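For reference, the structure is listed below as structure tokens.
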Amino acid sequence: MRTVRALPLLCRGLGLTGKADQVELPVDSSGRLIGSPRPVEHKRGRPKRLDHDRVQLAAQALCLEEMFGLPVPVGELFYAQVRRRETVAIDDRLRKLVERVTAEVRDNLLANRVPPAERKPKCRSCSLLHLCMPGGTGPDRDPRRYLARSLASSLGETGPEDPP
């Protein structure tokens with residue numbers, strides 16, 4: 001087994017690019033590939049009920065399929081907090097979910113639209129919380145007012161409630 005870390009990924013069919021944490025490649029003694037690649041995504045927390053991690057892994061599998069021309073029937077999620085791997089079947093449901101999510105993101109980009117962030121309990125452990133800022137957006141919040149208050153606060157001023 002050859003292990004490759006930080007492997008750049010590409011799927012032209014879905015318009016995806018990325019980087020795999022780890023890909024395991026079954027090779028023979030001469031280094032020739034003899035089976036399907038297996039993506040291994042590393043997560044710092046513990047296994048989750050929601051499909052977010054599995055969708056990310058499936059997207060990596062679809063990229064690897066296109067890149068290697070081989071089926072990728074399974075991938076693995078390694079959770080550091082519990083120090084174990086979860087094997088994930090890359091089934092039709094996950095494949096369709098990747099396609100749907102990819103299409104939704106593309107539609108939002110083309111329409112120059114940012115969907116509102118939803119603050120949920122999982123936000124507390126998210127590494128992207130400082131970028132998403134779900135507390136500053138949403139149906140009951142005006143992002144302009146939130147940004148004006150945040151900027152004023154960081155400058156040590158009392159900012160306007162509603163920017164012009």
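Ordered as shown in the structure tokens, chains take letters A, B, and onward, while each chain numbers its residues from 1 and ligands are numbered from 1 in the order shown.
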Excluding Val40 of chain A and its own-chain neighbours fewer than 6 positions away, which residues fall within 9 Å of it when counting only C-alpha atoms? Please give them as number ranges by chain.
A: 20-24, 57, 75-78, 85
Restrict the selected residues to C-alpha atoms and save them as a compact mmCIF listing (two decimals), in the first residue's frame.
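Once written, out10.txt looks like this:
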# COMPACT_ATOMS: atom_id res chain seq x y z
CA ALA A 20 -7.18 14.98 -0.24
CA ASP A 21 -5.71 14.62 3.23
CA GLN A 22 -4.59 11.10 2.36
CA VAL A 23 -5.10 8.59 -0.45
CA GLU A 24 -4.13 4.94 -0.11
CA LEU A 57 -15.31 12.11 1.24
CA GLY A 75 -13.41 5.75 1.59
CA GLU A 76 -12.56 6.26 5.22
CA LEU A 77 -13.02 9.02 7.78
CA PHE A 78 -10.44 9.13 10.55
CA ARG A 85 -11.59 5.09 11.17
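When the distance limit is 12 Å and only C-alpha atoms are what count, the residues near Glu104 of chain A, minus those fewer than 6 positions from it on the same chain, are Leu14, Leu97, Val98, Leu110, Ala111, Arg113, Val114 and Pro115 of chain A.
Ranking A:Pro116, A:Glu66, A:Arg44, A:Arg38 by their shortest atom-to-atom distance to Val88 of chain A, with only C-alpha atoms included, puts A:Arg38 first.
Excluding Cys63 of chain A and any residue on its chain fewer than 2 positions from it, the residues at most 8 Å away by only C-alpha atoms are A:Leu9, A:Leu10, A:Cys11, A:Leu16, A:Thr17, A:Ala59, A:Gln60, A:Ala61, A:Glu65, A:Glu66, A:Met67.
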Saved selection, atoms kept: N, CA and C atoms, as an mmCIF file, in the first residue's frame:
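Writing done, so here's part-v4.cif:
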data_model
loop_
_atom_site.group_PDB
_atom_site.id
_atom_site.type_symbol
_atom_site.label_atom_id
_atom_site.label_comp_id
_atom_site.auth_asym_id
_atom_site.auth_seq_id
_atom_site.Cartn_x
_atom_site.Cartn_y
_atom_site.Cartn_z
ATOM 1 N N LEU A 9 -6.737 17.208 -6.151
ATOM 2 C CA LEU A 9 -7.853 16.493 -6.770
ATOM 3 C C LEU A 9 -8.532 17.367 -7.814
ATOM 4 N N LEU A 10 -9.109 16.705 -8.828
ATOM 5 C CA LEU A 10 -9.821 17.407 -9.885
ATOM 6 C C LEU A 10 -10.913 16.498 -10.438
ATOM 7 N N CYS A 11 -12.094 17.071 -10.628
ATOM 8 C CA CYS A 11 -13.183 16.384 -11.314
ATOM 9 C C CYS A 11 -13.788 17.400 -12.272
ATOM 10 N N LEU A 16 -15.058 20.260 -9.769
ATOM 11 C CA LEU A 16 -14.511 20.243 -8.416
ATOM 12 C C LEU A 16 -12.992 20.224 -8.434
ATOM 13 N N THR A 17 -12.396 20.938 -7.504
ATOM 14 C CA THR A 17 -10.964 20.832 -7.246
ATOM 15 C C THR A 17 -10.792 20.798 -5.743
ATOM 16 N N ALA A 59 -17.102 13.336 -2.527
ATOM 17 C CA ALA A 59 -16.606 14.253 -3.562
ATOM 18 C C ALA A 59 -15.163 13.906 -3.910
ATOM 19 N N GLN A 60 -14.373 13.587 -2.915
ATOM 20 C CA GLN A 60 -12.993 13.163 -3.170
ATOM 21 C C GLN A 60 -12.963 11.872 -3.979
ATOM 22 N N ALA A 61 -13.851 10.952 -3.655
ATOM 23 C CA ALA A 61 -13.917 9.684 -4.382
ATOM 24 C C ALA A 61 -14.270 9.918 -5.853
ATOM 25 N N GLU A 65 -12.029 8.880 -9.026
ATOM 26 C CA GLU A 65 -12.543 8.038 -10.112
ATOM 27 C C GLU A 65 -12.219 8.639 -11.468
ATOM 28 N N GLU A 66 -12.449 9.937 -11.597
ATOM 29 C CA GLU A 66 -12.173 10.585 -12.872
ATOM 30 C C GLU A 66 -10.666 10.623 -13.151
ATOM 31 N N MET A 67 -9.878 10.881 -12.130
ATOM 32 C CA MET A 67 -8.432 11.006 -12.307
ATOM 33 C C MET A 67 -7.764 9.664 -12.632
#
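One finds atom CA of His130 of chain A at 18.4 Å from atom CA of Lys43 of chain A.
Reported to one decimal place, the separation of atom CA of Arg100 of chain A from atom CA of Lys120 of chain A is 22.3 Å.
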